[in-house]
Each structure stands twice: as C-alpha cells, then as structure tokens.
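Novice: The structure under discussion is supplied below as structure tokens; questions concerning it will follow.
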Amino acid sequence: QVRLVESGGGLVQAGGSLRLSCAASGSFFSTKPMGWYRQVPGKQRTLVASITTGASTNYADSVKGRFTISRDNARNTVLLQMNSLKPEDTARYYCNAVTPWDSWGQGTQVTVSS
C-alpha cells in the first residue's frame, strides 16, 4: 500500500515562494506519472501539475509559468516549486499519482496573504 507524505507548506505573502515535497513509499513509484493537487474547503480537489515517468510536465493554466514540478525517482520524491504566489493559490496541497491511488496523504497547507 502506498503512503504519501507531503511537507513544505506555510504562510507566505503574495509574490513569495514555497517548495513542497512529497515522499512516497513503494517500489512502483518510478512507474507512475505523478501529480500535485490542491483543494479548498467546499470544492473538489484539482490537479495543478503533473509529471510523467519521463519527466514531461503539464500545468493547469492558473499556475503555468509560476509552478515547477519535478521528481527524483531514486528518492521516491516529487517536488513542487511555487513562485509568484497569489492569494488564490491558498489551498491544501496533495500529491498522488495522476490516476490517483485510493490512499491520500494528509496534505500540506499553503496560505498566501495579500
């Protein structure tokens, strides 16, 4: 069973940066396209960035040019570098496979003040 642990969130002013990290258990990590999702209360969780096993990336329009996703298969880690943060980026951020496993981590809260 996969276990996902997200970290790196916090409170930051608009225009600031944060770097999120996701540690995944399981030897199958390197075979899975991975993604970062975010969720605000009362709304669905949405995929904001994804990375294939070959390191091709894709981003939601709302974060394109500001966020960068990367992965380290040797360490079973997925990173999300977030720059030029906006108040509307405030959410709880989760990582999971692009076709999500049933098990989600606890997420990490990102709060951007104006």
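Just so we're on the same page: first chain in the structure tokens is A, next is B, and so on; residues restart at 1 for each chain, and ligands are numbered from 1 in the order they show up.
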Could you list, as a list in words, every residue within 6 Å of Ala97 (chain A), counting only C-alpha atoms and ignoring same-chain residues fewer than 6 positions away?

Specialist: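 Final neighbour list, sorted by chain and number: Pro33, Met34 and Gly35 of chain A.
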
Novice: What would the file look like if the residues just selected were written as a PDB file, in the first residue's frame with N, CA, C and O atoms?

Specialist:
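Below you can see again_20.pdb, which holds the result:
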```
ATOM      1  N   PRO A  33       3.089   8.203 -13.503  1.00  0.00           N
ATOM      2  CA  PRO A  33       3.003   9.661 -13.626  1.00  0.00           C
ATOM      3  C   PRO A  33       2.454  10.217 -12.316  1.00  0.00           C
ATOM      4  O   PRO A  33       1.489   9.676 -11.777  1.00  0.00           O
ATOM      5  N   MET A  34       3.051  11.289 -11.834  1.00  0.00           N
ATOM      6  CA  MET A  34       2.675  11.840 -10.536  1.00  0.00           C
ATOM      7  C   MET A  34       2.148  13.261 -10.691  1.00  0.00           C
ATOM      8  O   MET A  34       2.455  13.958 -11.652  1.00  0.00           O
ATOM      9  N   GLY A  35       1.365  13.667  -9.715  1.00  0.00           N
ATOM     10  CA  GLY A  35       0.790  14.999  -9.790  1.00  0.00           C
ATOM     11  C   GLY A  35       0.679  15.661  -8.438  1.00  0.00           C
ATOM     12  O   GLY A  35       0.724  15.003  -7.396  1.00  0.00           O
TER      13      GLY A  35
END
```

Novice: Env of region 16-25 of chain A: 8 Å cut, atoms = only C-alpha atoms, seq-sep filter 6 positions within chain, self excluded. Answer as a PyMOL selection string.

Specialist: chain A and resi 2-10+75-85+95

Novice: Using only C-alpha atoms, find the one residue out of A:Phe29, A:Asn73, A:Arg38, A:Gln44 that sits nearest to Ala60 (chain A).

Specialist: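 The closest residue to Ala60 (chain A) is A:Arg38.
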
Novice: Pick out the residues sitting within 8 Å of Thr111 (chain A), and hand them over as a list in words; count only C-alpha atoms, and ignore anything fewer than 6 positions along from it in its own chain.

Specialist: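 Result of the neighbour search: Gly9, Gly10, Leu11, Val12, Pro87, Asp89, Thr90 and Ala91 of chain A.
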
Novice: Find the residues around Val63 (chain A) up to 9 Å (only C-alpha atoms counted), leave out those fewer than 2 positions away in its own chain, and share them as a ChimeraX atom specification.

Specialist: /A:48-49,59-61,65-68,82,89

Novice: Once you have the residues from the selection above, write them out as a short mmCIF file (atom, residue, chain, number, x, y, z; two decimals), in the first residue's frame, restricted to C-alpha atoms.

Specialist:
```
data_model
loop_
_atom_site.label_atom_id
_atom_site.label_comp_id
_atom_site.auth_asym_id
_atom_site.auth_seq_id
_atom_site.Cartn_x
_atom_site.Cartn_y
_atom_site.Cartn_z
CA VAL A 48 -2.47 21.60 -10.87
CA ALA A 49 0.76 19.98 -12.09
CA TYR A 59 0.31 22.52 -15.69
CA ALA A 60 -3.08 23.99 -15.12
CA ASP A 61 -3.43 27.37 -16.78
CA GLY A 65 4.81 29.86 -15.63
CA ARG A 66 4.84 30.07 -11.83
CA PHE A 67 4.96 26.47 -10.61
CA THR A 68 7.51 23.81 -11.50
CA MET A 82 5.86 27.59 -6.37
CA ASP A 89 -3.19 29.72 -4.57
#
```
